[in-house]
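Engineer: Contents are PDB, C-alpha atoms and all ligand atoms; file name model.pdb:
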ATOM      1  CA  MET A   1      11.279  11.526  -0.883
ATOM      2  CA  SER A   2      10.683  13.102  -4.278
ATOM      3  CA  ASP A   3      13.475  12.711  -6.811
ATOM      4  CA  PRO A   4      11.845  13.777 -10.076
ATOM      5  CA  ILE A   5      13.310  13.511 -13.571
ATOM      6  CA  ASN A   6      14.514  16.979 -14.480
ATOM      7  CA  VAL A   7      13.547  17.911 -18.046
ATOM      8  CA  ILE A   8      13.997  21.670 -17.618
ATOM      9  CA  ASN A   9      16.818  21.863 -20.153
ATOM     10  CA  ARG A  10      15.636  19.114 -22.452
ATOM     11  CA  GLU A  11      15.380  19.729 -26.182
ATOM     12  CA  ILE A  12      11.794  19.559 -27.418
ATOM     13  CA  ILE A  13      11.119  16.749 -29.907
ATOM     14  CA  SER A  14       9.645  17.784 -33.261
ATOM     15  CA  PRO A  15       5.998  16.593 -33.598
ATOM     16  CA  ASP A  16       6.949  14.893 -36.883
ATOM     17  CA  LYS A  17       9.218  12.433 -35.098
ATOM     18  CA  LEU A  18       6.448  10.778 -33.044
ATOM     19  CA  ILE A  19       2.903   9.621 -33.781
ATOM     20  CA  ILE A  20       0.558  12.533 -33.142
ATOM     21  CA  PRO A  21      -2.945  12.858 -34.668
ATOM     22  CA  ASP A  22      -3.184  15.620 -37.290
ATOM     23  CA  PRO A  23      -5.826  17.761 -35.543
ATOM     24  CA  TYR A  24      -3.287  18.434 -32.788
ATOM     25  CA  LYS A  25      -0.032  18.514 -34.707
ATOM     26  CA  SER A  26      -0.071  22.003 -36.173
ATOM     27  CA  ASP A  27      -0.753  23.583 -32.741
ATOM     28  CA  LEU A  28       2.322  22.068 -31.103
ATOM     29  CA  GLU A  29       5.835  23.353 -30.661
ATOM     30  CA  GLY A  30       6.775  19.777 -29.867
ATOM     31  CA  VAL A  31       6.924  16.948 -27.367
ATOM     32  CA  LEU A  32       8.571  17.416 -23.979
ATOM     33  CA  ILE A  33       7.870  13.985 -22.447
ATOM     34  CA  SER A  34       6.834  11.016 -24.548
ATOM     35  CA  SER A  35       4.093   8.609 -23.526
ATOM     36  CA  GLY A  36       6.528   5.742 -22.914
ATOM     37  CA  GLU A  37       8.522   7.787 -20.443
ATOM     38  CA  ILE A  38       5.365   8.940 -18.678
ATOM     39  CA  LYS A  39       4.161   5.360 -18.357
ATOM     40  CA  SER A  40       7.403   4.129 -16.872
ATOM     41  CA  ARG A  41       7.663   7.036 -14.447
ATOM     42  CA  VAL A  42       4.044   6.625 -13.284
ATOM     43  CA  SER A  43       4.767   2.974 -12.503
ATOM     44  CA  LYS A  44       7.803   4.024 -10.489
ATOM     45  CA  LEU A  45       5.711   6.512  -8.507
ATOM     46  CA  ALA A  46       3.124   3.783  -7.848
ATOM     47  CA  SER A  47       5.846   1.515  -6.493
ATOM     48  CA  GLU A  48       7.299   4.276  -4.270
ATOM     49  CA  ILE A  49       3.881   5.098  -2.831
ATOM     50  CA  SER A  50       3.211   1.412  -2.236
ATOM     51  CA  LYS A  51       6.545   0.928  -0.507
ATOM     52  CA  ALA A  52       5.804   3.820   1.825
ATOM     53  CA  HIS A  53       2.291   2.702   2.780
ATOM     54  CA  TYR A  54       1.877  -1.028   2.263
ATOM     55  CA  PRO A  55      -0.172  -2.725   3.742
ATOM     56  CA  GLU A  56      -2.109   0.285   4.972
ATOM     57  CA  GLU A  57      -4.956   1.881   3.072
ATOM     58  CA  ILE A  58      -4.617   5.335   1.573
ATOM     59  CA  LEU A  59      -7.404   7.730   0.665
ATOM     60  CA  ALA A  60      -6.472   9.002  -2.812
ATOM     61  CA  LEU A  61      -8.039  12.364  -3.705
ATOM     62  CA  CYS A  62      -8.040  13.301  -7.382
ATOM     63  CA  VAL A  63      -8.039  16.975  -8.341
ATOM     64  CA  LEU A  64     -10.265  17.021 -11.446
ATOM     65  CA  ASP A  65     -10.215  17.550 -14.350
ATOM     66  CA  GLY A  66      -6.533  17.604 -15.313
ATOM     67  CA  ALA A  67      -5.310  14.818 -13.031
ATOM     68  CA  MET A  68      -7.910  12.276 -14.175
ATOM     69  CA  LYS A  69      -5.623  10.323 -16.515
ATOM     70  CA  PHE A  70      -2.631  10.393 -14.150
ATOM     71  CA  TYR A  71      -4.865   9.336 -11.241
ATOM     72  CA  ALA A  72      -6.277   6.334 -13.068
ATOM     73  CA  ASP A  73      -2.880   5.190 -14.375
ATOM     74  CA  LEU A  74      -1.253   5.619 -10.959
ATOM     75  CA  LEU A  75      -3.854   3.845  -8.877
ATOM     76  CA  TYR A  76      -4.814   1.083 -11.310
ATOM     77  CA  ASN A  77      -1.142   0.359 -11.884
ATOM     78  CA  GLU A  78       0.408  -3.088 -11.591
ATOM     79  CA  HIS A  79       2.909  -1.636  -9.099
ATOM     80  CA  MET A  80       0.245  -0.194  -6.793
ATOM     81  CA  TRP A  81       0.220  -2.760  -4.036
ATOM     82  CA  THR A  82      -1.246  -0.876  -1.148
ATOM     83  CA  PRO A  83      -5.042  -0.725  -0.802
ATOM     84  CA  PHE A  84      -6.761   2.543  -1.588
ATOM     85  CA  GLU A  85     -10.076   4.321  -1.567
ATOM     86  CA  ILE A  86     -10.853   6.805  -4.330
ATOM     87  CA  ARG A  87     -12.499  10.243  -4.125
ATOM     88  CA  THR A  88     -12.569  12.940  -6.773
ATOM     89  CA  PHE A  89     -13.376  16.616  -6.642
ATOM     90  CA  SER A  90     -12.936  19.570  -8.917
ATOM     91  CA  GLY A  91     -10.441  22.367  -8.344
ATOM     92  CA  LYS A  92      -9.464  25.220 -10.656
ATOM     93  CA  SER A  93      -7.111  28.160 -10.618
ATOM     94  CA  TYR A  94      -6.485  28.635 -14.331
ATOM     95  CA  LYS A  95      -8.137  30.471 -17.202
ATOM     96  CA  GLY A  96      -6.415  29.718 -20.520
ATOM     97  CA  THR A  97      -2.706  29.795 -19.725
ATOM     98  CA  THR A  98      -2.939  32.208 -16.807
ATOM     99  CA  SER A  99      -3.023  31.288 -13.153
ATOM    100  CA  THR A 100      -5.786  33.505 -11.796
ATOM    101  CA  GLY A 101      -4.499  33.322  -8.228
ATOM    102  CA  GLU A 102      -8.163  32.835  -7.395
ATOM    103  CA  VAL A 103      -8.916  29.233  -6.533
ATOM    104  CA  ASN A 104     -12.289  27.565  -7.017
ATOM    105  CA  LEU A 105     -12.990  24.345  -5.189
ATOM    106  CA  GLU A 106     -16.156  22.386  -5.816
ATOM    107  CA  ILE A 107     -18.244  21.933  -2.696
ATOM    108  CA  PHE A 108     -16.734  18.780  -1.292
ATOM    109  CA  ASP A 109     -17.116  17.244   2.128
ATOM    110  CA  PHE A 110     -13.498  17.247   3.295
ATOM    111  CA  SER A 111     -14.527  15.601   6.596
ATOM    112  CA  VAL A 112     -13.937  12.241   4.827
ATOM    113  CA  VAL A 113     -10.202  12.769   5.433
ATOM    114  CA  LYS A 114     -10.463  12.638   9.238
ATOM    115  CA  GLY A 115      -7.957  10.140  10.633
ATOM    116  CA  ARG A 116      -7.027   8.886   7.145
ATOM    117  CA  LYS A 117      -3.719   8.576   5.297
ATOM    118  CA  VAL A 118      -4.484  11.044   2.524
ATOM    119  CA  LEU A 119      -2.739  11.243  -0.846
ATOM    120  CA  VAL A 120      -3.648  14.219  -3.032
ATOM    121  CA  VAL A 121      -3.107  13.433  -6.722
ATOM    122  CA  GLU A 122      -2.497  16.462  -8.942
ATOM    123  CA  ASP A 123      -1.388  16.821 -12.552
ATOM    124  CA  ILE A 124       0.860  19.876 -12.243
ATOM    125  CA  ILE A 125       2.034  22.363  -9.626
ATOM    126  CA  ASP A 126       2.557  25.851 -10.923
ATOM    127  CA  THR A 127       2.200  28.824  -8.537
ATOM    128  CA  GLY A 128       1.051  26.378  -5.851
ATOM    129  CA  HIS A 129      -2.122  28.302  -4.927
ATOM    130  CA  LEU A 130      -4.537  25.521  -5.776
ATOM    131  CA  LEU A 131      -2.740  22.883  -3.717
ATOM    132  CA  LYS A 132      -2.246  25.285  -0.842
ATOM    133  CA  LYS A 133      -5.980  25.817  -0.628
ATOM    134  CA  ILE A 134      -6.696  22.102  -0.892
ATOM    135  CA  THR A 135      -4.137  21.083   1.730
ATOM    136  CA  ASN A 136      -5.375  23.795   4.118
ATOM    137  CA  GLU A 137      -8.898  22.365   3.827
ATOM    138  CA  ILE A 138      -7.614  18.851   4.441
ATOM    139  CA  TYR A 139      -5.531  19.834   7.496
ATOM    140  CA  ARG A 140      -8.600  21.547   8.995
ATOM    141  CA  HIS A 141     -10.287  18.154   9.028
ATOM    142  CA  LYS A 142      -7.456  16.356  10.845
ATOM    143  CA  PRO A 143      -6.112  13.612   8.564
ATOM    144  CA  PHE A 144      -3.732  11.033  10.047
ATOM    145  CA  SER A 145      -1.207  12.095   7.386
ATOM    146  CA  LEU A 146      -1.136  14.054   4.148
ATOM    147  CA  GLU A 147       1.048  13.605   1.088
ATOM    148  CA  ILE A 148       1.023  15.093  -2.409
ATOM    149  CA  VAL A 149       1.886  13.345  -5.647
ATOM    150  CA  CYS A 150       2.117  15.391  -8.836
ATOM    151  CA  LEU A 151       3.109  14.299 -12.298
ATOM    152  CA  LEU A 152       4.726  17.635 -13.190
ATOM    153  CA  ASP A 153       6.220  20.516 -11.252
ATOM    154  CA  LYS A 154       7.174  23.940 -12.632
ATOM    155  CA  PRO A 155       9.410  25.169  -9.800
ATOM    156  CA  GLU A 156      10.288  28.453 -11.567
ATOM    157  CA  ARG A 157       6.664  29.524 -11.355
ATOM    158  CA  ARG A 158       6.142  28.879  -7.633
ATOM    159  CA  ASP A 159       4.830  31.796  -5.591
ATOM    160  CA  PRO A 160       7.690  32.346  -3.108
ATOM    161  CA  GLU A 161       5.133  32.743  -0.331
ATOM    162  CA  ILE A 162       3.754  29.260  -0.915
ATOM    163  CA  ASP A 163       5.516  26.378   0.769
ATOM    164  CA  ILE A 164       4.136  23.440  -1.210
ATOM    165  CA  VAL A 165       6.598  20.574  -1.745
ATOM    166  CA  PRO A 166       5.261  17.329  -3.233
ATOM    167  CA  GLU A 167       6.332  14.087  -1.561
ATOM    168  CA  TYR A 168       6.298  12.373  -4.961
ATOM    169  CA  CYS A 169       6.846  14.052  -8.307
ATOM    170  CA  GLY A 170       7.263  12.675 -11.831
ATOM    171  CA  PHE A 171       9.115  15.436 -13.666
ATOM    172  CA  THR A 172      10.325  18.987 -13.111
ATOM    173  CA  ILE A 173       9.572  20.973 -16.252
ATOM    174  CA  PRO A 174      10.506  24.407 -17.643
ATOM    175  CA  ASN A 175       8.260  27.455 -17.510
ATOM    176  CA  GLU A 176       6.207  26.457 -20.567
ATOM    177  CA  PHE A 177       2.514  25.814 -20.940
ATOM    178  CA  VAL A 178       2.083  22.082 -21.487
ATOM    179  CA  VAL A 179      -0.859  19.977 -22.641
ATOM    180  CA  GLY A 180      -1.666  16.312 -23.109
ATOM    181  CA  TYR A 181      -2.026  13.252 -20.880
ATOM    182  CA  GLY A 182      -5.142  14.880 -19.390
ATOM    183  CA  LEU A 183      -3.789  18.434 -19.234
ATOM    184  CA  ASP A 184      -5.694  21.005 -21.234
ATOM    185  CA  TYR A 185      -5.710  24.468 -22.716
ATOM    186  CA  ASN A 186      -9.294  25.751 -22.545
ATOM    187  CA  ASN A 187     -10.454  22.133 -22.272
ATOM    188  CA  LYS A 188      -8.651  21.033 -25.443
ATOM    189  CA  TYR A 189      -5.656  18.748 -26.116
ATOM    190  CA  ARG A 190      -6.330  16.412 -23.166
ATOM    191  CA  GLY A 191      -6.305  13.401 -25.510
ATOM    192  CA  LEU A 192      -2.677  13.837 -26.597
ATOM    193  CA  ARG A 193      -0.714  10.885 -25.248
ATOM    194  CA  HIS A 194       2.548  12.806 -24.833
ATOM    195  CA  ILE A 195       3.191  15.904 -22.689
ATOM    196  CA  CYS A 196       3.564  18.615 -25.329
ATOM    197  CA  VAL A 197       4.431  22.294 -25.529
ATOM    198  CA  LEU A 198       1.856  24.455 -27.312
ATOM    199  CA  LYS A 199       2.943  26.977 -29.904
ATOM    200  CA  LYS A 200       3.567  30.322 -28.225
ATOM    201  CA  GLU A 201       1.200  32.262 -30.518
ATOM    202  CA  LEU A 202      -1.710  30.082 -29.335
ATOM    203  CA  THR A 203      -1.172  30.827 -25.683
ATOM    204  CA  LYS A 204      -0.757  34.593 -25.839
ATOM    205  CA  PRO A 205      -3.463  36.175 -23.681
TER     206      PRO A 205
HETATM  207  P1  LIG B 301      -1.421  26.630  -9.539
HETATM  208  O1  LIG B 301      -2.547  26.907  -8.554
HETATM  209  O2  LIG B 301      -0.881  27.892 -10.136
HETATM  210  O3  LIG B 301      -0.344  25.752  -8.935
HETATM  211  O4  LIG B 301      -2.050  25.882 -10.773
HETATM  212  C1  LIG B 301      -2.337  24.535 -10.737
HETATM  213  C2  LIG B 301      -3.383  24.151 -11.768
HETATM  214  O5  LIG B 301      -3.279  24.948 -12.944
HETATM  215  C3  LIG B 301      -3.151  22.733 -12.223
HETATM  216  O6  LIG B 301      -3.979  21.879 -11.488
HETATM  217  C4  LIG B 301      -3.513  22.748 -13.686
HETATM  218  O7  LIG B 301      -4.864  22.384 -13.839
HETATM  219  C5  LIG B 301      -3.305  24.176 -14.122
HETATM  220  N1  LIG B 301      -2.025  24.340 -14.858
HETATM  221  C6  LIG B 301      -0.896  24.953 -14.444
HETATM  222  N2  LIG B 301       0.076  24.933 -15.390
HETATM  223  C7  LIG B 301      -0.453  24.278 -16.440
HETATM  224  C8  LIG B 301       0.062  23.894 -17.738
HETATM  225  O8  LIG B 301       1.217  24.150 -18.128
HETATM  226  N3  LIG B 301      -0.798  23.216 -18.525
HETATM  227  C9  LIG B 301      -2.071  22.891 -18.164
HETATM  228  N4  LIG B 301      -2.588  23.199 -16.962
HETATM  229  C10 LIG B 301      -1.789  23.892 -16.105
HETATM  230 MG    MG B 302      -4.951  20.097 -11.955
END
Mind turning this structure into structure tokens?

Structural biologist:
Amino acid sequence: MSDPINVINREIISPDKLIIPDPYKSDLEGVLISSGEIKSRVSKLASEISKAHYPEEILALCVLDGAMKFYADLLYNEHMWTPFEIRTFSGKSYKGTTSTGEVNLEIFDFSVVKGRKVLVVEDIIDTGHLLKKITNEIYRHKPFSLEIVCLLDKPERRDPEIDIVPEYCGFTIPNEFVVGYGLDYNNKYRGLRHICVLKKELTKP
């Protein structure tokens, strides 16, 4: 099952050492995972998912907005061999850098999952509340199977009462607020190609 790359103790790379557009640069502490590493790891996840399911079709559910980039790169990947159907819906549990504990799911007809091999695609697991709510909804509608793939996992932040374990995971990261590759802070920084750590003073509530 999941054997992520552990970057919890990795040294952050100075923004000057990689190509980063100026409007972003001054807000960053540095780069935690570079775009090349993300790309290679996403391909590996695509091949693992394909190996597990080929030749059967999966129903891939994207948790918008943060997972949009990961979702597209994972599914439209040259190593994604198994057929898939796509569905997207919006789910939120964050305001700024704080998990609200309150989860908002867009009205979505979860009955589409009935009898299907479902793969939930998420950008990052933090406390786990959002995915818990989503997986509960899916289980209520009787899928054939349910798996989670996340690009990033912050295990230190998990609510001990929440038993979410992703079947596939790209990287385990430290307890830092990260942006880029689709992840945002107040809807900004999604266009950064690397996964970056924001300067602390910007994320103080
Ligand atoms: P959870 O419900 O606490 O697990 O939060 C999950 C959601 O919060 C994710 O889908 C993200 O959208 C958001 N989130 C959590 N940590 C971060 C972060 O470090 N950067 C950006 N978004 C985050
Ligand atoms: Mg998300």

Engineer: Carefully work through the PyMOL selection byres (((chain A and resi 50) around 9) and not hetatm) for this structure and note down the residues it includes, as a list in words.

Structural biologist: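 Applied to this file, the PyMOL selection byres (((chain A and resi 50) around 9) and not hetatm) selects Leu45, Ala46, Ser47, Glu48, Ile49, Lys51, Ala52, His53, Tyr54, Pro55, His79, Met80, Trp81, Thr82 and Pro83 of chain A.
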
Engineer: Within 6 Å of ligand MG 302 (chain B), which residues of chain A show up? Give each one with its shortest atom-to-atom distance in Å (one decimal) and the two atoms involved, counting only C-alpha atoms and all ligand atoms, rows by chain then rising residue number, as JSON lines.

Structural biologist:
{"residue": "A:Val63", "atom": "CA", "partner": "B:MG302", "partner_atom": "MG", "distance": 5.7}
{"residue": "A:Gly66", "atom": "CA", "partner": "B:MG302", "partner_atom": "MG", "distance": 4.5}
{"residue": "A:Ala67", "atom": "CA", "partner": "B:MG302", "partner_atom": "MG", "distance": 5.4}
{"residue": "A:Glu122", "atom": "CA", "partner": "B:MG302", "partner_atom": "MG", "distance": 5.3}
{"residue": "A:Asp123", "atom": "CA", "partner": "B:MG302", "partner_atom": "MG", "distance": 4.9}
{"residue": "A:Ile124", "atom": "CA", "partner": "B:MG302", "partner_atom": "MG", "distance": 5.8}

Engineer: Please compute the CA of Thr97 (chain A)-CA of Asp153 (chain A) distance, one decimal, in Å.

Structural biologist: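 About the pair CA of Thr97 (chain A) and CA of Asp153 (chain A): they are 15.4 Å apart.
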
Engineer: At most 12 Å from (-6.4, 14.7, -11.1), file frame, only C-alpha atoms: which residues, as an MDAnalysis selection string?

Structural biologist: chainID A and resid 60:75 86:92 119:125 131 148:152 181:184

Engineer: Would you compute the distance between atom P1 of ligand LIG 301 (chain B) and CA of Leu130 (chain A)? Give it in Å to one decimal.

Structural biologist: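 Computing it gives 5.0 Å between the two atoms.
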
Engineer: Which protein, DNA or RNA residues are at most 6 Å from (-6.3, 5.2, 4.9) in the file's coordinates when you count all atoms listed in the file, listed as a CSV table (one decimal) with C-alpha atoms, in the frame of the given file?

Structural biologist:
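See result.csv below for the written result:
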chain,number,residue,atom,x,y,z
A,57,GLU,CA,-5.0,1.9,3.1
A,58,ILE,CA,-4.6,5.3,1.6
A,59,LEU,CA,-7.4,7.7,0.7
A,116,ARG,CA,-7.0,8.9,7.1
A,117,LYS,CA,-3.7,8.6,5.3

Engineer: Taking the file as shown, find all residues satisfying the PyMOL selection byres (((chain A and resi 164-168) around 6) and not hetatm) and write them as a ChimeraX atom specification.

Structural biologist: /A:1-2,147-149,162-163,169
